[in-house]
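J.: What follows is final12.cif, mmCIF, C-alpha atoms and all ligand atoms.
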data_model
loop_
_atom_site.label_atom_id
_atom_site.label_comp_id
_atom_site.auth_asym_id
_atom_site.auth_seq_id
_atom_site.Cartn_x
_atom_site.Cartn_y
_atom_site.Cartn_z
CA ASN A 21 -17.73 -22.95 23.69
CA ASP A 22 -19.04 -19.78 22.08
CA GLU A 23 -16.06 -17.55 22.87
CA LYS A 24 -15.57 -15.26 19.89
CA LEU A 25 -12.38 -15.73 17.88
CA TYR A 26 -10.37 -13.08 16.06
CA CYS A 27 -7.83 -13.27 13.28
CA MET A 28 -4.32 -12.66 14.60
CA GLY A 29 -3.38 -10.85 11.43
CA CYS A 30 -6.10 -8.26 10.95
CA GLY A 31 -8.25 -8.57 14.06
CA ALA A 32 -11.43 -9.41 12.14
CA GLN A 33 -13.89 -11.68 13.90
CA ILE A 34 -13.50 -15.20 12.56
CA GLN A 35 -16.48 -16.50 10.58
CA THR A 36 -17.11 -19.43 8.24
CA GLU A 37 -20.23 -18.16 6.48
CA ASP A 38 -19.20 -15.67 3.80
CA LYS A 39 -15.89 -15.95 2.01
CA ASP A 40 -16.11 -12.39 0.69
CA LYS A 41 -16.41 -10.85 4.16
CA PRO A 42 -13.56 -10.17 6.60
CA GLY A 43 -12.46 -12.92 8.94
CA TYR A 44 -13.45 -15.83 6.71
CA VAL A 45 -11.89 -19.26 7.30
CA GLN A 46 -12.98 -22.62 5.97
CA ALA A 47 -15.01 -24.65 8.45
CA SER A 48 -12.34 -27.37 8.37
CA THR A 49 -9.63 -24.86 9.32
CA LEU A 50 -11.67 -23.66 12.26
CA LYS A 51 -12.36 -27.23 13.35
CA LYS A 52 -8.65 -28.04 13.28
CA TYR A 53 -7.91 -24.95 15.32
CA LEU A 54 -10.54 -25.79 17.93
CA GLU A 55 -9.35 -29.39 18.22
CA ASP A 56 -5.70 -28.41 18.67
CA ASP A 57 -4.78 -28.96 22.37
CA GLY A 58 -1.98 -26.38 22.36
CA THR A 59 -2.29 -23.41 24.68
CA ASP A 60 -3.86 -20.26 23.26
CA GLU A 61 -0.42 -18.69 23.06
CA GLU A 62 0.89 -21.52 20.89
CA LYS A 63 -1.99 -21.73 18.47
CA GLU A 64 -2.31 -19.51 15.44
CA LEU A 65 -5.51 -18.51 13.75
CA PHE A 66 -5.45 -16.36 10.63
CA CYS A 67 -8.34 -15.55 8.36
CA LYS A 68 -7.97 -16.81 4.82
CA ARG A 69 -6.99 -13.39 3.51
CA CYS A 70 -4.23 -12.89 6.09
CA PHE A 71 -3.06 -16.45 5.63
CA ARG A 72 -2.70 -15.92 1.91
CA LEU A 73 -1.08 -12.54 2.31
CA ARG A 74 1.44 -13.97 4.77
CA ASN A 75 2.24 -16.98 2.69
CA TYR A 76 1.93 -15.86 -0.88
CA ASN A 77 1.84 -12.10 -0.66
CA GLU A 78 -1.44 -12.30 -2.49
CA ILE A 79 -4.21 -9.79 -2.28
CA THR A 80 -7.71 -11.11 -1.93
CA ASP A 81 -10.43 -8.53 -2.02
CA VAL A 82 -12.50 -8.47 1.11
CA ASP A 83 -15.68 -6.55 1.14
CA VAL A 84 -15.09 -3.92 3.80
CA SER A 85 -17.67 -1.48 2.55
CA ASP A 86 -16.98 2.23 2.41
CA ASP A 87 -19.86 2.47 4.82
CA ASP A 88 -18.08 0.42 7.46
CA PHE A 89 -14.92 2.38 6.94
CA LEU A 90 -16.68 5.70 7.22
CA LYS A 91 -18.40 4.47 10.36
CA LEU A 92 -15.00 3.61 11.75
CA LEU A 93 -13.50 6.98 10.84
CA ASP A 94 -16.56 8.64 12.24
CA SER A 95 -16.18 6.83 15.54
CA ILE A 96 -12.61 8.14 15.69
CA SER A 97 -13.90 11.69 15.27
CA ASP A 98 -15.75 11.28 18.58
CA GLU A 99 -12.60 10.14 20.40
CA ASP A 100 -9.93 12.40 21.76
CA ALA A 101 -7.03 10.80 19.95
CA LEU A 102 -4.04 11.10 17.66
CA VAL A 103 -4.47 9.64 14.17
CA VAL A 104 -1.44 8.02 12.56
CA ASN A 105 -1.94 7.67 8.81
CA VAL A 106 0.37 5.17 7.10
CA VAL A 107 0.93 5.69 3.36
CA ASP A 108 3.08 3.76 0.91
CA ILE A 109 5.79 5.93 -0.63
CA PHE A 110 6.06 3.58 -3.59
CA ASP A 111 2.32 3.82 -4.23
CA TYR A 112 1.35 7.14 -2.67
CA GLU A 113 -1.64 7.80 -4.93
CA GLY A 114 -2.92 4.27 -4.34
CA SER A 115 -2.63 4.58 -0.57
CA VAL A 116 -3.61 8.11 0.38
CA ILE A 117 -7.12 8.54 1.84
CA PRO A 118 -8.45 11.81 0.38
CA GLY A 119 -10.72 13.58 2.82
CA LEU A 120 -9.31 11.75 5.82
CA GLN A 121 -9.18 15.01 7.76
CA ARG A 122 -12.84 15.68 7.13
CA PHE A 123 -13.81 12.25 8.43
CA VAL A 124 -11.79 12.34 11.62
CA GLY A 125 -12.64 15.94 12.49
CA ASP A 126 -10.08 18.13 14.18
CA LYS A 127 -7.87 15.23 15.28
CA LYS A 128 -4.14 15.66 14.85
CA ILE A 129 -2.89 13.52 11.97
CA LEU A 130 0.68 12.25 11.87
CA VAL A 131 1.56 11.10 8.34
CA VAL A 132 3.94 8.14 8.07
CA GLY A 133 5.51 7.45 4.68
CA ASN A 134 6.42 3.75 4.73
CA LYS A 135 8.75 1.72 2.46
CA VAL A 136 11.39 4.44 2.29
CA ASP A 137 13.89 1.61 1.73
CA LEU A 138 12.60 1.34 -1.85
CA LEU A 139 13.78 4.78 -2.90
CA PRO A 140 17.31 5.17 -4.24
CA ASN A 141 19.79 6.13 -1.50
CA SER A 142 20.60 9.36 -3.29
CA VAL A 143 17.17 10.81 -2.50
CA ASN A 144 17.27 13.84 -0.23
CA GLN A 145 15.28 13.06 2.91
CA ASN A 146 14.24 16.64 3.60
CA ARG A 147 12.95 17.08 0.10
CA LEU A 148 10.99 13.88 0.53
CA LEU A 149 9.41 15.12 3.76
CA ASN A 150 8.49 18.40 2.10
CA TRP A 151 6.98 16.48 -0.76
CA LEU A 152 4.91 14.37 1.63
CA GLN A 153 3.77 17.46 3.51
CA GLN A 154 2.69 19.15 0.29
CA LYS A 155 0.88 16.02 -0.90
CA SER A 156 -0.95 15.73 2.41
CA LYS A 157 -2.08 19.33 2.07
CA GLU A 158 -3.35 18.69 -1.48
CA ASN A 159 -5.43 15.84 -0.07
CA GLY A 160 -6.89 18.01 2.68
CA ILE A 161 -4.78 16.51 5.44
CA LYS A 162 -3.38 19.09 7.88
CA SER A 163 -0.56 16.89 9.08
CA VAL A 164 0.91 17.87 12.43
CA ASP A 165 4.16 16.23 11.29
CA GLN A 166 5.49 13.62 8.86
CA ILE A 167 8.16 10.96 8.94
CA MET A 168 9.64 8.42 6.54
CA VAL A 169 10.07 4.89 7.84
CA SER A 170 10.79 1.39 6.67
CA ALA A 171 8.73 -1.13 8.58
CA VAL A 172 10.65 -4.00 6.99
CA LYS A 173 14.11 -2.63 7.79
CA GLY A 174 13.12 -0.90 11.01
CA THR A 175 14.39 2.48 9.79
CA ASN A 176 13.13 5.38 11.93
CA VAL A 177 10.66 3.22 13.84
CA ASP A 178 12.14 4.42 17.17
CA LYS A 179 11.85 7.98 15.98
CA LEU A 180 8.24 7.36 14.99
CA MET A 181 7.44 6.01 18.45
CA ASP A 182 8.97 9.14 20.01
CA MET A 183 6.89 11.27 17.68
CA ILE A 184 3.73 9.39 18.62
CA GLU A 185 4.52 9.94 22.31
CA LYS A 186 5.07 13.62 21.65
CA TYR A 187 1.85 14.25 19.73
CA ARG A 188 -0.59 11.97 21.48
CA ASP A 189 -0.70 14.12 24.64
CA GLY A 190 -1.54 11.16 26.82
CA LYS A 191 -4.37 10.09 24.52
CA ASP A 192 -5.22 7.04 22.40
CA VAL A 193 -3.61 6.52 19.01
CA TYR A 194 -5.49 5.25 15.95
CA VAL A 195 -3.43 3.84 13.09
CA VAL A 196 -5.25 4.07 9.75
CA GLY A 197 -4.25 3.23 6.21
CA THR A 198 -5.26 1.35 3.08
CA THR A 199 -4.29 -2.29 2.69
CA ASN A 200 -0.80 -3.09 1.47
CA THR A 201 0.78 0.08 2.87
CA GLY A 202 2.70 -2.07 5.36
CA LYS A 203 0.54 -1.11 8.32
CA SER A 204 0.61 -4.62 9.80
CA THR A 205 4.35 -4.90 9.37
CA LEU A 206 4.77 -1.57 11.10
CA ILE A 207 2.42 -2.49 13.95
CA ASN A 208 4.32 -5.74 14.46
CA ARG A 209 7.56 -3.76 14.60
CA ILE A 210 6.12 -1.45 17.20
CA ILE A 211 4.76 -4.34 19.24
CA SER A 212 7.98 -6.30 19.16
CA ALA A 213 9.94 -3.19 20.12
CA ARG A 214 7.77 -2.83 23.21
CA THR A 215 6.98 -6.38 24.22
CA ASP A 216 7.75 -10.00 23.46
CA VAL A 217 6.01 -12.23 20.98
CA LYS A 218 3.66 -13.77 23.52
CA ASP A 219 2.07 -10.38 24.03
CA LEU A 220 1.55 -9.94 20.31
CA ILE A 221 -0.74 -12.94 20.31
CA THR A 222 -2.70 -11.82 23.36
CA THR A 223 -3.07 -8.24 22.21
CA SER A 224 -4.44 -9.51 18.92
CA ARG A 225 -7.35 -11.05 20.78
CA PHE A 226 -8.85 -7.84 22.09
CA PRO A 227 -11.92 -7.10 20.05
CA GLY A 228 -12.63 -3.53 19.14
CA THR A 229 -15.74 -1.63 20.03
CA THR A 230 -16.91 -0.40 16.63
CA LEU A 231 -15.23 -2.43 13.92
CA ASP A 232 -12.76 -5.22 14.56
CA GLN A 233 -9.52 -3.67 15.57
CA ILE A 234 -6.38 -4.56 17.44
CA ASP A 235 -5.58 -2.67 20.65
CA ILE A 236 -2.02 -2.40 21.85
CA PRO A 237 -1.77 -1.11 25.42
CA LEU A 238 0.48 1.90 25.94
CA ASP A 239 2.19 2.66 29.26
CA ASP A 240 -0.44 4.99 30.66
CA GLY A 241 -3.61 2.97 30.21
CA HIS A 242 -4.21 4.32 26.71
CA ASN A 243 -4.06 2.22 23.56
CA LEU A 244 -2.56 2.18 20.12
CA ILE A 245 -5.39 0.93 17.95
CA ASP A 246 -4.80 -0.80 14.64
CA THR A 247 -7.84 -0.29 12.42
CA PRO A 248 -8.73 -2.47 9.41
CA GLY A 249 -7.25 -1.37 6.09
CA ILE A 250 -9.50 -0.02 3.39
CA ILE A 251 -9.00 -1.47 -0.08
CA HIS A 252 -8.43 0.75 -3.09
CA ARG A 253 -9.71 -1.28 -5.97
CA TYR A 254 -7.93 0.49 -8.77
CA GLN A 255 -4.45 -0.66 -7.79
CA LEU A 256 -2.70 -2.78 -10.37
CA ALA A 257 -2.31 -5.50 -7.72
CA HIS A 258 -5.95 -6.44 -8.14
CA PHE A 259 -5.43 -7.44 -11.77
CA LEU A 260 -2.43 -9.70 -11.23
CA ASN A 261 -2.08 -13.25 -9.96
CA ALA A 262 0.07 -14.02 -6.92
CA ASN A 263 3.23 -14.71 -8.89
CA ASP A 264 2.96 -11.64 -11.08
CA LEU A 265 2.31 -9.48 -8.05
CA LYS A 266 5.52 -10.81 -6.55
CA THR A 267 7.40 -9.95 -9.75
CA VAL A 268 6.03 -6.42 -9.79
CA THR A 269 6.50 -5.61 -6.09
CA PRO A 270 9.93 -4.13 -5.40
CA LYS A 271 12.05 -5.60 -2.62
CA LYS A 272 15.22 -3.61 -3.25
CA PRO A 273 15.78 0.10 -3.84
CA LEU A 274 14.46 1.17 -7.22
CA ARG A 275 17.19 1.57 -9.78
CA PRO A 276 16.29 4.39 -12.14
CA ALA A 277 16.47 3.56 -15.87
CA THR A 278 16.80 6.55 -18.20
CA PHE A 279 15.95 6.60 -21.90
CA GLN A 280 16.71 9.27 -24.50
CA LEU A 281 13.62 9.36 -26.68
CA ARG A 282 12.48 10.65 -30.02
CA ASP A 283 9.05 11.33 -31.38
CA GLU A 284 7.23 8.17 -32.41
CA GLN A 285 8.99 5.97 -29.91
CA THR A 286 7.18 3.80 -27.41
CA ILE A 287 8.26 2.09 -24.21
CA PHE A 288 6.47 -0.87 -22.73
CA VAL A 289 6.79 -1.68 -19.04
CA ALA A 290 6.44 -5.45 -19.37
CA GLY A 291 2.87 -5.99 -20.64
CA LEU A 292 1.49 -3.73 -17.94
CA ALA A 293 1.82 -0.25 -19.34
CA ARG A 294 2.78 1.55 -22.54
CA PHE A 295 4.08 5.08 -23.08
CA ASP A 296 4.12 6.85 -26.46
CA PHE A 297 6.42 9.87 -26.53
CA LEU A 298 5.02 12.76 -28.50
CA ASN A 299 7.93 15.24 -28.44
CA GLU A 300 10.63 15.54 -31.04
CA ARG A 301 13.17 14.88 -28.31
CA THR A 302 12.89 14.16 -24.60
CA ASN A 303 13.99 11.74 -21.92
CA ALA A 304 12.25 9.63 -19.31
CA THR A 305 13.47 7.90 -16.17
CA PHE A 306 11.59 4.80 -15.07
CA TYR A 307 11.24 3.83 -11.40
CA VAL A 308 9.90 0.29 -11.40
CA THR A 309 11.00 -3.02 -9.88
CA GLN A 310 14.46 -4.06 -10.99
CA GLY A 311 14.32 -6.74 -13.65
CA LEU A 312 10.93 -5.78 -15.02
CA PRO A 313 11.40 -5.59 -18.81
CA LEU A 314 11.39 -2.11 -20.36
CA HIS A 315 10.99 -2.54 -24.08
CA ARG A 316 11.43 0.17 -26.72
CA THR A 317 9.70 0.03 -30.13
CA LYS A 318 8.59 2.39 -32.84
CA THR A 319 5.13 3.69 -32.04
CA SER A 320 3.93 2.63 -35.48
CA ASN A 321 4.75 -1.00 -34.57
CA ALA A 322 3.59 -0.86 -30.98
CA ASP A 323 0.03 -2.20 -31.41
CA GLU A 324 1.20 -5.19 -33.38
CA PHE A 325 4.12 -5.80 -31.03
CA TYR A 326 1.83 -5.82 -28.01
CA GLU A 327 -0.63 -8.16 -29.59
CA LYS A 328 2.10 -10.56 -30.63
CA HIS A 329 4.27 -10.51 -27.51
CA LEU A 330 1.91 -9.98 -24.59
CA GLY A 331 2.69 -12.80 -22.19
CA ASP A 332 6.13 -13.63 -23.60
CA ILE A 333 8.54 -10.71 -24.11
CA LEU A 334 6.00 -8.47 -22.47
CA THR A 335 5.44 -10.32 -19.19
CA PRO A 336 3.97 -10.06 -16.58
CA PRO A 337 1.11 -10.65 -17.04
CA THR A 338 1.74 -14.36 -17.44
CA ASP A 339 -1.95 -15.08 -17.79
CA VAL A 340 -3.22 -12.92 -20.65
CA THR A 341 -6.70 -14.36 -20.97
CA GLU A 342 -8.35 -12.23 -18.29
CA PHE A 343 -6.01 -9.28 -18.44
CA PRO A 344 -7.93 -6.07 -19.14
CA LYS A 345 -7.45 -4.17 -22.42
CA PHE A 346 -5.39 -0.99 -22.37
CA LYS A 347 -7.01 2.42 -22.21
CA SER A 348 -5.00 5.56 -22.89
CA GLN A 349 -4.70 9.11 -21.64
CA ILE A 350 -2.43 11.99 -22.71
CA PHE A 351 -0.36 13.87 -20.12
CA SER A 352 1.56 17.14 -20.56
CA ALA A 353 4.18 18.03 -17.97
CA HIS A 354 4.29 21.73 -17.06
CA GLU A 355 7.13 21.12 -14.63
CA LYS A 356 9.35 18.11 -13.97
CA SER A 357 6.72 15.45 -13.30
CA ASP A 358 6.02 11.81 -12.56
CA ILE A 359 3.47 9.75 -14.42
CA VAL A 360 2.32 7.29 -11.77
CA ILE A 361 0.75 3.90 -12.39
CA TYR A 362 -0.83 2.87 -9.11
CA GLY A 363 1.15 -0.02 -7.68
CA LEU A 364 3.63 -0.35 -10.55
CA GLY A 365 5.83 2.71 -10.05
CA TRP A 366 6.36 5.85 -12.11
CA LEU A 367 8.39 7.55 -14.81
CA THR A 368 9.85 11.01 -14.42
CA ILE A 369 9.71 13.38 -17.39
CA PRO A 370 11.07 16.90 -17.82
CA ALA A 371 8.89 19.99 -18.20
CA GLY A 372 7.38 20.26 -21.68
CA THR A 373 7.14 16.50 -22.25
CA LYS A 374 3.93 15.08 -23.68
CA VAL A 375 3.19 11.39 -23.19
CA LYS A 376 0.34 9.11 -24.12
CA ALA A 377 0.04 6.58 -21.30
CA TYR A 378 -1.74 3.23 -21.65
CA VAL A 379 -2.72 1.15 -18.63
CA PRO A 380 -5.11 -1.77 -18.16
CA ASP A 381 -8.70 -0.59 -17.95
CA GLY A 382 -9.55 -0.23 -14.27
CA VAL A 383 -6.03 0.73 -13.16
CA ARG A 384 -5.45 4.36 -12.36
CA VAL A 385 -2.71 6.55 -13.77
CA SER A 386 -2.01 10.15 -12.82
CA ILE A 387 0.54 12.95 -13.00
CA ARG A 388 2.24 14.64 -10.04
CA ASN A 389 5.18 16.91 -9.39
CA ALA A 390 8.31 14.76 -9.32
CA ILE A 391 9.08 13.04 -6.02
CA ILE A 392 12.81 12.79 -6.79
P1 LIG B 1 -1.04 -3.89 5.31
O1 LIG B 1 -2.02 -4.49 4.35
O2 LIG B 1 -1.06 -2.40 5.25
O3 LIG B 1 -1.16 -4.38 6.70
O4 LIG B 1 0.41 -4.26 4.75
P2 LIG B 1 1.44 -5.44 5.13
O5 LIG B 1 2.12 -5.15 6.41
O6 LIG B 1 0.76 -6.74 4.99
O7 LIG B 1 2.51 -5.22 3.95
C1 LIG B 1 2.14 -5.23 2.60
C2 LIG B 1 3.33 -5.55 1.73
O8 LIG B 1 4.29 -4.49 1.82
C3 LIG B 1 4.08 -6.81 2.15
O9 LIG B 1 4.54 -7.43 0.98
C4 LIG B 1 5.24 -6.28 2.96
O10 LIG B 1 6.35 -7.14 2.94
C5 LIG B 1 5.53 -4.99 2.25
N1 LIG B 1 6.15 -4.01 3.15
C6 LIG B 1 5.70 -3.61 4.37
N2 LIG B 1 6.51 -2.69 4.90
C7 LIG B 1 7.51 -2.51 4.01
C8 LIG B 1 8.69 -1.67 3.98
O11 LIG B 1 9.00 -0.93 4.90
N3 LIG B 1 9.46 -1.77 2.86
C9 LIG B 1 9.17 -2.60 1.83
N4 LIG B 1 10.01 -2.63 0.78
N5 LIG B 1 8.09 -3.38 1.82
C10 LIG B 1 7.27 -3.34 2.89
#
Show how you would write the structure in this file as structure tokens.
Ligand code: GDP
T.:
Amino acid sequence: NDEKLYCMGCGAQIQTEDKDKPGYVQASTLKKYLEDDGTDEEKELFCKRCFRLRNYNEITDVDVSDDDFLKLLDSISDEDALVVNVVDIFDYEGSVIPGLQRFVGDKKILVVGNKVDLLPNSVNQNRLLNWLQQKSKENGIKSVDQIMVSAVKGTNVDKLMDMIEKYRDGKDVYVVGTTNTGKSTLINRIISARTDVKDLITTSRFPGTTLDQIDIPLDDGHNLIDTPGIIHRYQLAHFLNANDLKTVTPKKPLRPATFQLRDEQTIFVAGLARFDFLNERTNATFYVTQGLPLHRTKTSNADEFYEKHLGDILTPPTDVTEFPKFKSQIFSAHEKSDIVIYGLGWLTIPAGTKVKAYVPDGVRVSIRNAII
């Protein structure tokens, strides 16, 4: 039986040869699947990466080369279609695809900000949409519209589907995004809103034409096409083990924590980041997962403190042996700004504040105009 098999999670073609490539399962897993007498609808086949993501919320790097991704985007540019770009509001910088517009040509792009449930309830939704629109523009994306959703809670998913109907003009819809933006969760929401679970399994079996992709039939013979996620390697997630990643990933709305600060004071965010405040007086509001330790010390003691307490008071990381050394960068805020650590969260500082930020080498940190 040489029927090709596809992962029900990501749509990649199942293979047992290369564990670093998409669709990998162990030969024994595949054997068990093939020997199972259940009907196709009852049986589940997930690649190792999807299996781990589903069960442990762990990220395993899979080598989807930029080349493949560009090929995919390029193939979209030849189609007459609407592009739906899912970004993660909690990790915008880690999930935006700069240059997306260039790759997909003159396609309409609808920008979807997912995980809105993580922002404090007090946040003004219109301001947020304006912010997302401005950010899209900065990244060269001429969004036809934007919407905030929560795939997990189902917030605005109906509204999103109406928007898709409105902008697709009877054409196909391509959903693109980096991994971990919640694209799969959102797609599953959309599928279950339209169909029952049995259909989810069957739709997952339709192989794509260019790269492996999942096609979801729309009412008029067109499809909503879930494309594979591209991995941004400089997200903090790639430097943490499964447990630590769980600790760092917010599940509830962020609860802002504000500090009044003096010159020569330092704040550690667990053992994952360090901020030295360089003004005589300022304040900073941290937006990170509730329960993550925020520890204040004198800057003059900070090096010693880190060395001594990394892995105990300053944890995560729990495993310090392979954790990268800090590298630092100084930021000056000209307006109210956020210093963003990709995947960890951000701190908001007022105009005029100067901060020296330390993050593990390989993780990216940047400054933006404040989201809140
Ligand atoms: P994908 O890699 O883009 O397909 O992302 P997944 O759908 O696998 O989701 C990645 C992670 O984000 C998982 O831990 C999800 O539970 C989480 N997630 C997805 N959507 C939401 C959301 O709307 N809110 C929150 N808080 N988490 C979400």
J.: Rank A:Pro313, A:Gly291, A:Gly125, A:Gly363 by their smallest atom-to-atom distance to ligand LIG 1 (chain B), using all atoms listed in the file, and report the top residue only.
T.: A:Gly363
J.: Can you pull out every residue with an atom within 7 Å of ligand LIG 1 (chain B)? Use only C-alpha atoms and all ligand atoms and format it as a list in words.
T.: Leu73, Asn77, Asn134, Lys135, Val136, Asp137, Leu138, Val169, Ser170, Ala171, Val172, Lys173, Gly197, Thr198, Thr199, Asn200, Thr201, Gly202, Lys203, Ser204, Thr205, Leu206, Gly249, Pro270, Lys271 and Lys272 of chain A
J.: Would you kindly return, as JSON, numbers by chain, each protein, DNA or RNA residue with an atom no farther than 8 Å from any atom of Val195 (chain A), considering all atoms listed in the file and excluding same-chain residues fewer than 4 positions away?
T.: {"A": [103, 104, 105, 106, 203, 244, 245, 246, 247]}
J.: Write out, as an mmCIF file, in the coordinates of the input, the residues just selected, with C-alpha atoms.
T.:
data_model
loop_
_atom_site.group_PDB
_atom_site.id
_atom_site.type_symbol
_atom_site.label_atom_id
_atom_site.label_comp_id
_atom_site.auth_asym_id
_atom_site.auth_seq_id
_atom_site.Cartn_x
_atom_site.Cartn_y
_atom_site.Cartn_z
ATOM 1 C CA VAL A 103 -4.470 9.640 14.170
ATOM 2 C CA VAL A 104 -1.440 8.020 12.560
ATOM 3 C CA ASN A 105 -1.940 7.670 8.810
ATOM 4 C CA VAL A 106 0.370 5.170 7.100
ATOM 5 C CA LYS A 203 0.540 -1.110 8.320
ATOM 6 C CA LEU A 244 -2.560 2.180 20.120
ATOM 7 C CA ILE A 245 -5.390 0.930 17.950
ATOM 8 C CA ASP A 246 -4.800 -0.800 14.640
ATOM 9 C CA THR A 247 -7.840 -0.290 12.420
#
J.: Once 4 Å is added on each side, what are the centre and the three edge lengths, in Å to one decimal, of the axis-aligned box enclosing the listed atoms of region 240-247 of chain A? Present them as JSON.
T.:
{"center_x": -4.1, "center_y": 2.1, "center_z": 21.5, "size_x": 15.4, "size_y": 13.8, "size_z": 26.2}
J.: For Asp98 (chain A), list every protein, DNA or RNA residue within 10 Å, evaluated using all atoms listed in the file, and leave out those in the same chain fewer than 4 positions away; present the list as an MDAnalysis selection string.
T.: chainID A and resid 93:94 124:127
J.: CA of Val308 (chain A) to CA of Ser320 (chain A): how many Å, to one decimal?
T.: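 Interatomic distance here is 24.9 Å.
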J.: Which distance in Å separates CA of Phe325 (chain A) and CA of Val383 (chain A), to one decimal?
T.: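 Taking CA of Phe325 (chain A) and CA of Val383 (chain A), their separation equals 21.6 Å.
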J.: Have a look at CA of Gly382 (chain A) and CA of Phe123 (chain A) and let me know their distance in Å, one decimal.
T.: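 That distance, rounded to one decimal, is 26.3 Å.
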J.: Set the distance at 10 Å and use only C-alpha atoms: which residues neighbour Asp339 (chain A) once local chain neighbours fewer than 3 positions away are removed? I'd like the list as a compact mmCIF listing (two decimals) with C-alpha atoms, in the coordinates of the input.
T.:
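Result file is part.txt:
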# COMPACT_ATOMS: atom_id res chain seq x y z
CA LEU A 260 -2.43 -9.70 -11.23
CA ASN A 261 -2.08 -13.25 -9.96
CA ASP A 264 2.96 -11.64 -11.08
CA LEU A 330 1.91 -9.98 -24.59
CA GLY A 331 2.69 -12.80 -22.19
CA THR A 335 5.44 -10.32 -19.19
CA PRO A 336 3.97 -10.06 -16.58
CA GLU A 342 -8.35 -12.23 -18.29
CA PHE A 343 -6.01 -9.28 -18.44
J.: Of the residues A:Lys179, A:Ile387, A:Arg122, A:Leu367, which is the one nearest to His354 (chain A), using all atoms listed in the file?
T.: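 Among the listed residues, A:Ile387 lies closest to His354 (chain A).
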J.: Kindly indicate which residue among A:Val45, A:Leu50, A:Val131, A:Leu312 lies nearest to Leu152 (chain A), using all atoms listed in the file for the distances.
T.: A:Val131
J.: Name all residues at most 10 Å from Lys376 (chain A) (count only C-alpha atoms; drop same-chain ones fewer than 2 positions away) and give them as a list in words.
T.: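 Neighbouring residues, sequence-local ones excluded: Thr286, Arg294, Phe295, Asp296, Phe297, Leu298, Ser348, Gln349, Ile350, Phe351, Ser352, Lys374 and Tyr378 of chain A.
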J.: Nearest residue to Arg388 (chain A) out of A:Glu327, A:Arg188, A:Trp151, A:Thr278, using only C-alpha atoms?
T.: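 Among A:Glu327, A:Arg188, A:Trp151, A:Thr278, it is A:Trp151 that comes nearest to Arg388 (chain A).
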J.: Calculated over all atoms listed in the file, which of the candidates A:Asp240, A:Asp381, A:Glu324, A:Asp111 has the smallest distance to Lys347 (chain A)?
T.: A:Asp381
